[in-house]
Amino acid sequence: MKTIKLSEPRTISCVETEKPGPGQNEALIRIQAAGICGSDIGAFRGTNKLVSYPRVIGHELAGIIEAIPEDNPKGLTIGDRVIIDPYLYCGTCYPCSIGRTNCCTDLKVLGVHIDGGNGRILLSSGRYAD
């Protein structure tokens with residue numbers, strides 16, 4: 001599959017990568033739309049100090065579920081259209097316990113701390129949001 005990758009600031013390319021397979025508590029999403037925002041521009045320019053390189057950018061994403069466990073807690077199914085919450089949070093720290101998941105003490109953001117979805121597929125782990 002083709003993926004947009006920043007090797008380092010101002011060095012971007014379209015590269016071939018292997019299609020991932022979903023693990024436990026994960027869904028495989030075929031990305032249909034991806035936005036480019038200011039933090040992506042900062043990642044490209046090297047001014048977003050939170051981004052680590054190399055990095056597949058992309059955190060404003062929508063797509064279609066391609067694979068998901070049948071026993072997922074939200075009853076999602078293959079073919080469902082979804083938007084992606086780019087925040088991966090622990091769910092147990094104090095900020096998470098009061099609903100402030102964006103302040104999680106172990107917060108990871110797609111396209112910033114871990115690879116995002118500017119490719120055709122995103123392996124989304126963790127929580128299934130409403």
# chains A, B, ... in the order shown; residues from 1 in each chain; ligands from 1
>>> residues_around(residues="A:Thr47", least_positions_apart="4", cutoff="12 Å", atoms="only C-alpha atoms", output="PDB file with N, CA, C and O atoms, in the first residue's frame")
ATOM      1  N   GLU A   8      12.204  13.072   7.691  1.00  0.00           N
ATOM      2  CA  GLU A   8      12.729  14.128   8.542  1.00  0.00           C
ATOM      3  C   GLU A   8      12.036  15.409   8.096  1.00  0.00           C
ATOM      4  O   GLU A   8      11.332  15.410   7.089  1.00  0.00           O
ATOM      5  N   PRO A   9      12.202  16.505   8.822  1.00  0.00           N
ATOM      6  CA  PRO A   9      11.562  17.751   8.377  1.00  0.00           C
ATOM      7  C   PRO A   9      11.922  18.079   6.924  1.00  0.00           C
ATOM      8  O   PRO A   9      13.057  17.897   6.492  1.00  0.00           O
ATOM      9  N   ARG A  10      10.896  18.464   6.177  1.00  0.00           N
ATOM     10  CA  ARG A  10      10.993  18.873   4.775  1.00  0.00           C
ATOM     11  C   ARG A  10      11.380  17.749   3.820  1.00  0.00           C
ATOM     12  O   ARG A  10      11.727  17.996   2.680  1.00  0.00           O
ATOM     13  N   GLY A  38      -2.718  22.346  10.703  1.00  0.00           N
ATOM     14  CA  GLY A  38      -1.525  23.098  11.073  1.00  0.00           C
ATOM     15  C   GLY A  38      -0.442  22.254  11.706  1.00  0.00           C
ATOM     16  O   GLY A  38       0.748  22.494  11.487  1.00  0.00           O
ATOM     17  N   SER A  39      -0.832  21.243  12.488  1.00  0.00           N
ATOM     18  CA  SER A  39       0.194  20.403  13.103  1.00  0.00           C
ATOM     19  C   SER A  39       0.907  19.537  12.063  1.00  0.00           C
ATOM     20  O   SER A  39       2.090  19.234  12.214  1.00  0.00           O
ATOM     21  N   ASP A  40       0.208  19.150  10.978  1.00  0.00           N
ATOM     22  CA  ASP A  40       0.861  18.428   9.878  1.00  0.00           C
ATOM     23  C   ASP A  40       1.863  19.342   9.163  1.00  0.00           C
ATOM     24  O   ASP A  40       2.959  18.909   8.814  1.00  0.00           O
ATOM     25  N   ILE A  41       1.480  20.597   8.981  1.00  0.00           N
ATOM     26  CA  ILE A  41       2.389  21.564   8.354  1.00  0.00           C
ATOM     27  C   ILE A  41       3.604  21.766   9.263  1.00  0.00           C
ATOM     28  O   ILE A  41       4.748  21.804   8.803  1.00  0.00           O
ATOM     29  N   GLY A  42       3.358  21.868  10.577  1.00  0.00           N
ATOM     30  CA  GLY A  42       4.459  21.987  11.529  1.00  0.00           C
ATOM     31  C   GLY A  42       5.365  20.769  11.510  1.00  0.00           C
ATOM     32  O   GLY A  42       6.592  20.887  11.629  1.00  0.00           O
ATOM     33  N   ALA A  43       4.781  19.583  11.345  1.00  0.00           N
ATOM     34  CA  ALA A  43       5.586  18.354  11.245  1.00  0.00           C
ATOM     35  C   ALA A  43       6.468  18.417  10.000  1.00  0.00           C
ATOM     36  O   ALA A  43       7.657  18.081  10.048  1.00  0.00           O
ATOM     37  N   VAL A  51       6.531  15.979  17.296  1.00  0.00           N
ATOM     38  CA  VAL A  51       6.628  14.936  16.271  1.00  0.00           C
ATOM     39  C   VAL A  51       7.985  14.254  16.317  1.00  0.00           C
ATOM     40  O   VAL A  51       9.020  14.916  16.398  1.00  0.00           O
ATOM     41  N   SER A  52       7.969  12.930  16.264  1.00  0.00           N
ATOM     42  CA  SER A  52       9.209  12.162  16.132  1.00  0.00           C
ATOM     43  C   SER A  52       9.280  11.625  14.702  1.00  0.00           C
ATOM     44  O   SER A  52       8.248  11.367  14.077  1.00  0.00           O
TER      45      SER A  52
END
>>> select_by_dssp(residues="chain A", states="alpha helix (DSSP H)", output="MDAnalysis selection string")
chainID A and resid 38:45 94:97
>>> select_by_dssp(residues="stretch 68-111 of chain A", states="strand (DSSP E or B)", output="ChimeraX atom specification")
/A:81-83,87-88,108-110
>>> closest_residue(among="A:Gly75, A:Arg45, A:Ser7, A:Ala34", to="A:Asn118", atoms="only C-alpha atoms")
A:Ala34
>>> residues_around(residues="stretch 77-84 of chain A", least_positions_apart="2", cutoff="6 Å", atoms="only C-alpha atoms", output="number ranges by chain")
A: 61-67, 86
>>> write_last_selection(atoms="all heavy atoms", output="PDB file, in the first residue's frame")
ATOM      1  N   LEU A  61      -8.995  11.868  10.104  1.00  0.00           N
ATOM      2  CA  LEU A  61      -9.231  10.728   9.234  1.00  0.00           C
ATOM      3  C   LEU A  61     -10.659  10.209   9.289  1.00  0.00           C
ATOM      4  O   LEU A  61     -11.298  10.234  10.333  1.00  0.00           O
ATOM      5  CB  LEU A  61      -8.296   9.581   9.637  1.00  0.00           C
ATOM      6  CG  LEU A  61      -6.815   9.947   9.763  1.00  0.00           C
ATOM      7  CD1 LEU A  61      -6.080   8.890  10.566  1.00  0.00           C
ATOM      8  CD2 LEU A  61      -6.205  10.110   8.391  1.00  0.00           C
ATOM      9  N   ALA A  62     -11.108   9.694   8.155  1.00  0.00           N
ATOM     10  CA  ALA A  62     -12.389   8.989   8.073  1.00  0.00           C
ATOM     11  C   ALA A  62     -12.203   7.818   7.125  1.00  0.00           C
ATOM     12  O   ALA A  62     -11.400   7.878   6.191  1.00  0.00           O
ATOM     13  CB  ALA A  62     -13.481   9.925   7.557  1.00  0.00           C
ATOM     14  N   GLY A  63     -12.933   6.746   7.379  1.00  0.00           N
ATOM     15  CA  GLY A  63     -12.777   5.580   6.521  1.00  0.00           C
ATOM     16  C   GLY A  63     -13.850   4.542   6.737  1.00  0.00           C
ATOM     17  O   GLY A  63     -14.899   4.814   7.326  1.00  0.00           O
ATOM     18  N   ILE A  64     -13.548   3.338   6.276  1.00  0.00           N
ATOM     19  CA  ILE A  64     -14.469   2.209   6.333  1.00  0.00           C
ATOM     20  C   ILE A  64     -13.770   1.050   7.037  1.00  0.00           C
ATOM     21  O   ILE A  64     -12.623   0.735   6.719  1.00  0.00           O
ATOM     22  CB  ILE A  64     -14.895   1.796   4.913  1.00  0.00           C
ATOM     23  CG1 ILE A  64     -15.629   2.954   4.232  1.00  0.00           C
ATOM     24  CG2 ILE A  64     -15.766   0.544   4.943  1.00  0.00           C
ATOM     25  CD1 ILE A  64     -15.917   2.733   2.771  1.00  0.00           C
ATOM     26  N   ILE A  65     -14.471   0.420   7.958  1.00  0.00           N
ATOM     27  CA  ILE A  65     -13.901  -0.724   8.664  1.00  0.00           C
ATOM     28  C   ILE A  65     -13.711  -1.871   7.676  1.00  0.00           C
ATOM     29  O   ILE A  65     -14.648  -2.282   6.995  1.00  0.00           O
ATOM     30  CB  ILE A  65     -14.795  -1.170   9.833  1.00  0.00           C
ATOM     31  CG1 ILE A  65     -14.863  -0.065  10.883  1.00  0.00           C
ATOM     32  CG2 ILE A  65     -14.276  -2.479  10.435  1.00  0.00           C
ATOM     33  CD1 ILE A  65     -15.798  -0.370  12.035  1.00  0.00           C
ATOM     34  N   GLU A  66     -12.479  -2.358   7.623  1.00  0.00           N
ATOM     35  CA  GLU A  66     -12.138  -3.471   6.740  1.00  0.00           C
ATOM     36  C   GLU A  66     -12.041  -4.789   7.512  1.00  0.00           C
ATOM     37  O   GLU A  66     -12.310  -5.849   6.973  1.00  0.00           O
ATOM     38  CB  GLU A  66     -10.818  -3.165   6.030  1.00  0.00           C
ATOM     39  CG  GLU A  66     -10.578  -4.020   4.829  1.00  0.00           C
ATOM     40  CD  GLU A  66      -9.436  -3.509   4.000  1.00  0.00           C
ATOM     41  OE1 GLU A  66      -9.666  -2.588   3.188  1.00  0.00           O
ATOM     42  OE2 GLU A  66      -8.320  -4.023   4.165  1.00  0.00           O
ATOM     43  N   ALA A  67     -11.636  -4.719   8.779  1.00  0.00           N
ATOM     44  CA  ALA A  67     -11.567  -5.904   9.634  1.00  0.00           C
ATOM     45  C   ALA A  67     -11.708  -5.462  11.081  1.00  0.00           C
ATOM     46  O   ALA A  67     -11.139  -4.437  11.476  1.00  0.00           O
ATOM     47  CB  ALA A  67     -10.244  -6.637   9.434  1.00  0.00           C
ATOM     48  N   PRO A  86      -7.968  10.579  17.064  1.00  0.00           N
ATOM     49  CA  PRO A  86      -6.517  10.402  16.955  1.00  0.00           C
ATOM     50  C   PRO A  86      -5.792  10.250  18.291  1.00  0.00           C
ATOM     51  O   PRO A  86      -4.589  10.040  18.314  1.00  0.00           O
ATOM     52  CB  PRO A  86      -6.059  11.673  16.253  1.00  0.00           C
ATOM     53  CG  PRO A  86      -7.041  12.705  16.698  1.00  0.00           C
ATOM     54  CD  PRO A  86      -8.356  11.969  16.797  1.00  0.00           C
TER      55      PRO A  86
END
